[in-house]
Structures are given as structure tokens and as C-alpha cells.
Amino acid sequence: MGTDYLAFLLAGLLAAVPAAYTSYSVSEEIPAVREWGDEETEAADAADAKNTEDMHYTGIISAMANEIDLLLKEARIDDVETIGGVDYHVGELCGQHVVIAQAGVGKVLSAAGAAAMIDNFPIDSLIFTGIAGGVGDETQVLDEVVATQLVQHDYGQITNDGFEWFEGYVGENGRYPCDEELVELAYRSAVKVVGEDHVFKGTIATGDQFVASEEYVKVLQDEFDAVACEMEGAAVALVCMKYEVPFVVVRAMSDKADGNAHESYKNMGDIAADNSSEIVMTMLRELSGEEAVEVFMEEYEEETEKSTQEEDTAA
Ligand code: ADE
């Protein structure tokens, strides 16, 4: 009886894991469309509270539309909530509950978008996905950088001697560290998508400027030891730190932040953006696989306990 049941569960697991990789199924308990912020009856509230206790979302934020296009195409979207002019797409992607949003370009919009997402949805972890300019000789166009930490390279003061960087009031030395487990997951996933030779981990420098200058690239390298530069990562990181939400930033290089940056960005931006999206989906699939095994183990233990009790009663 116990052996038969184990075989039955194993067969179920083998069927469930590949399914999680290719599609997803929503538990009956989870409302297909949740009307966030709507007035609800007490009974519905209670049911939702029970369901959302178990439910968690991975938040996915980008700056531009092309950075989430592929994700939205692949996801099943159940609901779209517009908050502060940003559309939050709620649904499932690669077996995970997700909220996906294009928050806009620059530190203000991305910080506002991240804060609104965390305030309005039960976000367990947050991934920023998109493109960046490569800093230094190490990274080439279409390489991927997984941020280990972020820094605002344009934060500081202007004196008679010019701009002076200031570390600010949060983080160590003005650096905002990403969640280590998410960094490892993102790195593994990036290696699967673009190959080990094209994946780098390191500091991403964020500022409210598109960088297209060899001279400034040198500053980013020398002052911040940066491997990539972009316009949102540190802002989202800072918000996540304040809300204690684990986060990571995944960026594909669309350009080298040099004199040719605009041209390269125009030609390679869409491809780079899709690569980062592929990496995000690979991350979600790995999480789904892990969850399928966890669910299997829980069910197996419950059933074993139940049949032992039945056998004891019958004896
Ligand atoms: N995003 C993509 N390329 C960039 C660059 N060169 N500077 C800032 N943000 C970017």
C-alpha cells in the first residue's frame, strides 16, 4: 500500500515538473482575478486572506516596454491594476505568481514603481530586468551582468571644485547589496541562457544619465569598480532595502556606454532586452521545479502519516 502510493506520487511528480517548465496551472483556491483594492464582502475577504497567506508574488520591474514584452507574451495575465500611471500585470509565468510592471526610465519613476508594487501586492522578491551599458573591457555587447550590489554614481554635491560623490545615508559606502540567493539563481540562469563566458557578476552603477562617454566610463570603473551602468537599479534596490524585500538586477549589455552607445543601443537593445527576459523566465522555472519537489514531499509525508494511522486503527 505504502509502496503503491509512493509510486503513484512519483508518477504525479514526474508529470508535474515538466508541466511547470512549459505551462502553469492555477490552484482552485486562488482567485483567477483578484480585484485589488475593491470593496469585498467579509466572506470573500476571509477566503482571500486564507489564500493570500500561502500566495506570494515575484515582482518583475523594467524601465522600458521592450524589457517586459517577452514576459507579458509568455505570461497568463489575470488582472491589470493601474497605480500612479503604471500598469501592474498580475498573473502566472513559468509556474510562479508574478506581478510585472514597466515603471519608466530613471531613478524617480523606477523607485515610485517599485514602492507602489510592494505597497499594493504581496511581493516576496523583486527582479529588475533590462539592458545596460557595459563598463570596461571585460563586458561586451550582449553579455549579461548580474548585480551583486548597486551604487548611485550621480549622488553627491557640486562644489567650486566640481561634482563630489557622496555615499548618502543608506547602505555600506553607498552600495546596496542584492540578495545572495537571488544573485546565484540569476547567475545560474544567465549561464544557461547565454553561456558562462558571457555572464558577469559585479557592481552596477546607476544615475539619471544615459552614459555615452569613454571619459565617464573610466570614472565609473575607477571610482566605483562598476561593470555596467544604467538608470534604475540602485533606486529600486534602495526601495527594496527600505521595505526589506530581497531583490536582484539582471541586465544585458546593449552598448558599451561610449561614443557609439546610442547606435549600439538602437541596434542591439531589443535583443539584449529579450535575453534578460529569458533569464528571468529561467529563474522562475527553477523556482517552480523546487516548489514542485517541496509540494511532493509534503503530500508524501502527509499520506504516509495517514496510512500509518489507518493501519494502526485496523490492527
Ligand atoms: N541603458 C542602456 N545603455 C545605457 C547607457 N549607456 N547608459 C545608461 N543607461 C543605459
# chains A, B, ... in the order shown; residues from 1 in each chain; ligands from 1
>>> closest_atom_pairs(of="chain A", to="ligand 1", cutoff="6 Å", atoms="only C-alpha atoms and all ligand atoms", output="tab-separated table")
residue	atom	partner	partner_atom_place_in_ligand_line	distance
A:Ile131	CA	ligand 1	2 (C)	5.1
A:Ala132	CA	ligand 1	2 (C)	3.5
A:Gly133	CA	ligand 1	3 (N)	3.8
A:Gln209	CA	ligand 1	8 (C)	5.9
A:Phe210	CA	ligand 1	7 (N)	3.6
A:Val211	CA	ligand 1	7 (N)	3.8
A:Ala212	CA	ligand 1	6 (N)	5.5
A:Cys229	CA	ligand 1	8 (C)	5.4
A:Glu230	CA	ligand 1	9 (N)	3.4
A:Met231	CA	ligand 1	9 (N)	5.1
A:Ser254	CA	ligand 1	2 (C)	5.7
A:Asp255	CA	ligand 1	3 (N)	5.6
A:Ala257	CA	ligand 1	6 (N)	3.7
A:Ala261	CA	ligand 1	6 (N)	5.7
>>> write_last_selection(atoms="C-alpha atoms", output="mmCIF file, in the first residue's frame")
data_model
loop_
_atom_site.group_PDB
_atom_site.id
_atom_site.type_symbol
_atom_site.label_atom_id
_atom_site.label_comp_id
_atom_site.auth_asym_id
_atom_site.auth_seq_id
_atom_site.Cartn_x
_atom_site.Cartn_y
_atom_site.Cartn_z
ATOM 1 C CA ILE A 131 19.529 46.431 -20.539
ATOM 2 C CA ALA A 132 22.595 48.471 -19.584
ATOM 3 C CA GLY A 133 25.813 49.964 -20.873
ATOM 4 C CA GLN A 209 22.067 59.958 -17.307
ATOM 5 C CA PHE A 210 22.466 57.828 -20.418
ATOM 6 C CA VAL A 211 26.238 57.373 -20.492
ATOM 7 C CA ALA A 212 27.878 57.748 -23.904
ATOM 8 C CA CYS A 229 25.797 51.381 -15.894
ATOM 9 C CA GLU A 230 22.088 52.055 -16.166
ATOM 10 C CA MET A 231 19.407 54.403 -14.861
ATOM 11 C CA SER A 254 23.047 46.871 -25.265
ATOM 12 C CA ASP A 255 26.146 49.081 -25.676
ATOM 13 C CA ALA A 257 28.449 53.411 -22.786
ATOM 14 C CA ALA A 261 26.452 53.891 -27.356
#
>>> residues_around(residues="Asp197 in chain A", least_positions_apart="3", cutoff="12 Å", atoms="only C-alpha atoms", output="NGL selection string")
:A and (138-140 or 142-145 or 187 or 190-194 or 200-201)
>>> select_by_dssp(residues="range 32-213 of chain A", states="strand (DSSP E)", output="PyMOL selection string")
chain A and resi 57-62+76-83+86-93+96-102+123-134+144-152+156-159+162-165+175-177+199-206
>>> residues_around(residues="Leu72 in chain A", least_positions_apart="3", cutoff="9 Å", atoms="only C-alpha atoms", output="count of residues only")
8
>>> atom_distance(atom1="CA of Leu185 in chain A", atom2="CA of Tyr57 in chain A")
16.6 Å
>>> closest_atom_pairs(of="range 59-95 of chain A", to="range 286-306 of chain A", cutoff="12 Å", atoms="only C-alpha atoms", output="JSON lines")
{"residue": "A:Glu92", "atom": "CA", "partner": "A:Ser288", "partner_atom": "CA", "distance": 11.1}
{"residue": "A:Leu93", "atom": "CA", "partner": "A:Ser288", "partner_atom": "CA", "distance": 9.8}
{"residue": "A:Cys94", "atom": "CA", "partner": "A:Ser288", "partner_atom": "CA", "distance": 7.2}
{"residue": "A:Gly95", "atom": "CA", "partner": "A:Ser288", "partner_atom": "CA", "distance": 5.4}
>>> write_last_selection(atoms="N, CA and C atoms", output="tab-separated table (two decimals), in the first residue's frame")
chain	number	residue	atom	x	y	z
A	92	GLU	N	0.47	34.59	-13.93
A	92	GLU	CA	1.41	33.49	-13.72
A	92	GLU	C	2.39	33.40	-14.88
A	93	LEU	N	3.62	33.11	-14.53
A	93	LEU	CA	4.66	32.96	-15.55
A	93	LEU	C	5.61	31.85	-15.11
A	94	CYS	N	5.79	30.87	-15.97
A	94	CYS	CA	6.69	29.74	-15.68
A	94	CYS	C	6.42	29.13	-14.30
A	95	GLY	N	5.15	28.98	-13.98
A	95	GLY	CA	4.77	28.30	-12.74
A	95	GLY	C	4.80	29.17	-11.51
>>> closest_residue(among="A:Gly156, A:Gly84, A:Pro246, A:Gly162", to="Met117 in chain A", atoms="only C-alpha atoms")
A:Gly84
>>> closest_residue(among="A:Ala65, A:Leu182, A:Val80, A:Leu284", to="Val245 in chain A", atoms="only C-alpha atoms")
A:Leu182
>>> residues_around(residues="range 163-175 of chain A", least_positions_apart="2", cutoff="8 Å", atoms="only C-alpha atoms", output="PyMOL selection string")
chain A and resi 149-159+161+177+238
>>> write_last_selection(atoms="N, CA and C atoms", output="PDB file, in the first residue's frame")
ATOM      1  N   GLN A 149      25.784  44.264  -6.246  1.00  0.00           N
ATOM      2  CA  GLN A 149      25.421  45.464  -5.489  1.00  0.00           C
ATOM      3  C   GLN A 149      25.232  46.624  -6.470  1.00  0.00           C
ATOM      4  N   LEU A 150      24.553  47.660  -5.981  1.00  0.00           N
ATOM      5  CA  LEU A 150      24.322  48.830  -6.832  1.00  0.00           C
ATOM      6  C   LEU A 150      24.776  50.089  -6.120  1.00  0.00           C
ATOM      7  N   VAL A 151      25.101  51.097  -6.921  1.00  0.00           N
ATOM      8  CA  VAL A 151      25.539  52.369  -6.348  1.00  0.00           C
ATOM      9  C   VAL A 151      24.982  53.503  -7.218  1.00  0.00           C
ATOM     10  N   GLN A 152      24.624  54.627  -6.586  1.00  0.00           N
ATOM     11  CA  GLN A 152      24.173  55.801  -7.356  1.00  0.00           C
ATOM     12  C   GLN A 152      25.412  56.627  -7.689  1.00  0.00           C
ATOM     13  N   HIS A 153      25.834  56.576  -8.945  1.00  0.00           N
ATOM     14  CA  HIS A 153      27.087  57.271  -9.278  1.00  0.00           C
ATOM     15  C   HIS A 153      26.927  58.783  -9.358  1.00  0.00           C
ATOM     16  N   ASP A 154      25.675  59.266  -9.413  1.00  0.00           N
ATOM     17  CA  ASP A 154      25.459  60.714  -9.552  1.00  0.00           C
ATOM     18  C   ASP A 154      24.937  61.348  -8.273  1.00  0.00           C
ATOM     19  N   TYR A 155      25.089  60.653  -7.154  1.00  0.00           N
ATOM     20  CA  TYR A 155      24.608  61.168  -5.860  1.00  0.00           C
ATOM     21  C   TYR A 155      25.740  61.954  -5.215  1.00  0.00           C
ATOM     22  N   GLY A 156      25.499  63.201  -4.837  1.00  0.00           N
ATOM     23  CA  GLY A 156      26.596  63.944  -4.218  1.00  0.00           C
ATOM     24  C   GLY A 156      26.366  65.426  -4.160  1.00  0.00           C
ATOM     25  N   GLN A 157      27.443  66.167  -4.213  1.00  0.00           N
ATOM     26  CA  GLN A 157      27.343  67.631  -4.120  1.00  0.00           C
ATOM     27  C   GLN A 157      28.196  68.302  -5.195  1.00  0.00           C
ATOM     28  N   ILE A 158      27.751  69.501  -5.556  1.00  0.00           N
ATOM     29  CA  ILE A 158      28.519  70.306  -6.504  1.00  0.00           C
ATOM     30  C   ILE A 158      29.228  71.400  -5.710  1.00  0.00           C
ATOM     31  N   THR A 159      30.526  71.415  -5.776  1.00  0.00           N
ATOM     32  CA  THR A 159      31.289  72.467  -5.094  1.00  0.00           C
ATOM     33  C   THR A 159      32.015  73.295  -6.157  1.00  0.00           C
ATOM     34  N   ASP A 161      34.876  73.002  -6.814  1.00  0.00           N
ATOM     35  CA  ASP A 161      35.815  72.088  -7.479  1.00  0.00           C
ATOM     36  C   ASP A 161      35.109  71.089  -8.394  1.00  0.00           C
ATOM     37  N   PRO A 177      23.521  46.082  -1.459  1.00  0.00           N
ATOM     38  CA  PRO A 177      23.764  44.690  -1.858  1.00  0.00           C
ATOM     39  C   PRO A 177      22.492  43.952  -2.275  1.00  0.00           C
ATOM     40  N   LEU A 238      17.322  50.498  -3.410  1.00  0.00           N
ATOM     41  CA  LEU A 238      17.150  51.291  -2.183  1.00  0.00           C
ATOM     42  C   LEU A 238      15.737  51.122  -1.623  1.00  0.00           C
TER      43      LEU A 238
END
>>> closest_residue(among="A:Gly136, A:Gly130, A:Gly259, A:Gly91", to="Glu278 in chain A", atoms="only C-alpha atoms")
A:Gly130
>>> select_by_dssp(residues="range 30-245 of chain A", states="helix (DSSP H, G or I)", output="PyMOL selection string")
chain A and resi 42-54+65-67+69-74+107-120+180-194+196-198+214-224+233-243
>>> write_last_selection(atoms="C-alpha atoms", output="mmCIF file, in the first residue's frame")
data_model
loop_
_atom_site.group_PDB
_atom_site.id
_atom_site.type_symbol
_atom_site.label_atom_id
_atom_site.label_comp_id
_atom_site.auth_asym_id
_atom_site.auth_seq_id
_atom_site.Cartn_x
_atom_site.Cartn_y
_atom_site.Cartn_z
ATOM 1 C CA GLU A 42 -16.467 39.704 4.656
ATOM 2 C CA ALA A 43 -16.676 36.134 3.406
ATOM 3 C CA ALA A 44 -14.638 36.944 0.302
ATOM 4 C CA ASP A 45 -12.126 38.809 2.461
ATOM 5 C CA ALA A 46 -11.739 35.825 4.737
ATOM 6 C CA ALA A 47 -11.325 33.450 1.790
ATOM 7 C CA ASP A 48 -8.791 35.754 0.177
ATOM 8 C CA ALA A 49 -6.890 36.192 3.424
ATOM 9 C CA LYS A 50 -6.556 32.397 3.652
ATOM 10 C CA ASN A 51 -5.431 32.137 0.060
ATOM 11 C CA THR A 52 -3.029 35.080 0.078
ATOM 12 C CA GLU A 53 -1.397 33.749 3.234
ATOM 13 C CA ASP A 54 0.032 30.978 1.067
ATOM 14 C CA ALA A 65 8.340 48.268 -22.748
ATOM 15 C CA ASN A 66 10.788 46.121 -24.742
ATOM 16 C CA GLU A 67 12.241 44.904 -21.445
ATOM 17 C CA ASP A 69 7.351 42.471 -23.828
ATOM 18 C CA LEU A 70 8.500 38.857 -23.939
ATOM 19 C CA LEU A 71 7.448 38.235 -20.326
ATOM 20 C CA LEU A 72 3.954 39.577 -20.981
ATOM 21 C CA LYS A 73 3.711 37.483 -24.140
ATOM 22 C CA GLU A 74 4.621 34.302 -22.253
ATOM 23 C CA LYS A 107 15.553 56.715 -10.685
ATOM 24 C CA VAL A 108 12.364 58.597 -9.751
ATOM 25 C CA LEU A 109 9.951 56.533 -11.824
ATOM 26 C CA SER A 110 11.578 53.214 -11.020
ATOM 27 C CA ALA A 111 11.614 53.943 -7.267
ATOM 28 C CA ALA A 112 7.974 55.047 -7.370
ATOM 29 C CA GLY A 113 7.054 51.947 -9.377
ATOM 30 C CA ALA A 114 8.851 49.588 -7.002
ATOM 31 C CA ALA A 115 7.321 51.208 -3.903
ATOM 32 C CA ALA A 116 3.810 51.068 -5.360
ATOM 33 C CA MET A 117 4.299 47.428 -6.336
ATOM 34 C CA ILE A 118 5.480 46.429 -2.856
ATOM 35 C CA ASP A 119 2.757 48.510 -1.169
ATOM 36 C CA ASN A 120 -0.074 47.047 -3.226
ATOM 37 C CA GLU A 180 22.800 36.478 -2.375
ATOM 38 C CA GLU A 181 20.449 33.579 -3.203
ATOM 39 C CA LEU A 182 18.774 35.586 -5.950
ATOM 40 C CA VAL A 183 22.196 36.551 -7.322
ATOM 41 C CA GLU A 184 23.199 32.878 -7.507
ATOM 42 C CA LEU A 185 19.867 31.910 -9.073
ATOM 43 C CA ALA A 186 20.189 34.728 -11.631
ATOM 44 C CA TYR A 187 23.797 33.788 -12.381
ATOM 45 C CA ARG A 188 22.967 30.076 -12.914
ATOM 46 C CA SER A 189 20.028 31.050 -15.117
ATOM 47 C CA ALA A 190 22.107 33.515 -17.144
ATOM 48 C CA VAL A 191 24.773 30.857 -17.728
ATOM 49 C CA LYS A 192 22.047 28.526 -19.066
ATOM 50 C CA VAL A 193 20.757 31.204 -21.451
ATOM 51 C CA VAL A 194 23.914 32.895 -22.803
ATOM 52 C CA GLU A 196 29.346 31.106 -18.853
ATOM 53 C CA ASP A 197 31.759 33.223 -20.921
ATOM 54 C CA HIS A 198 29.086 35.886 -21.315
ATOM 55 C CA GLU A 214 34.677 56.977 -22.727
ATOM 56 C CA GLU A 215 35.878 59.513 -20.162
ATOM 57 C CA TYR A 216 32.922 58.927 -17.846
ATOM 58 C CA VAL A 217 33.134 55.145 -18.286
ATOM 59 C CA LYS A 218 36.639 55.454 -16.843
ATOM 60 C CA VAL A 219 35.216 57.312 -13.814
ATOM 61 C CA LEU A 220 32.625 54.548 -13.292
ATOM 62 C CA GLN A 221 35.399 51.968 -13.458
ATOM 63 C CA ASP A 222 37.947 53.757 -11.287
ATOM 64 C CA GLU A 223 35.636 55.278 -8.663
ATOM 65 C CA PHE A 224 33.020 52.560 -8.377
ATOM 66 C CA GLY A 233 18.858 49.627 -10.496
ATOM 67 C CA ALA A 234 20.116 51.475 -7.403
ATOM 68 C CA ALA A 235 16.800 53.303 -6.999
ATOM 69 C CA VAL A 236 14.833 50.043 -6.961
ATOM 70 C CA ALA A 237 17.485 48.481 -4.715
ATOM 71 C CA LEU A 238 17.150 51.291 -2.183
ATOM 72 C CA VAL A 239 13.363 50.929 -2.077
ATOM 73 C CA CYS A 240 13.671 47.145 -1.654
ATOM 74 C CA MET A 241 16.159 47.620 1.187
ATOM 75 C CA LYS A 242 13.784 50.000 2.954
ATOM 76 C CA TYR A 243 10.903 47.527 2.589
#
>>> atom_distance(atom1="CA of Asn267 in chain A", atom2="CA of Val249 in chain A")
22.5 Å
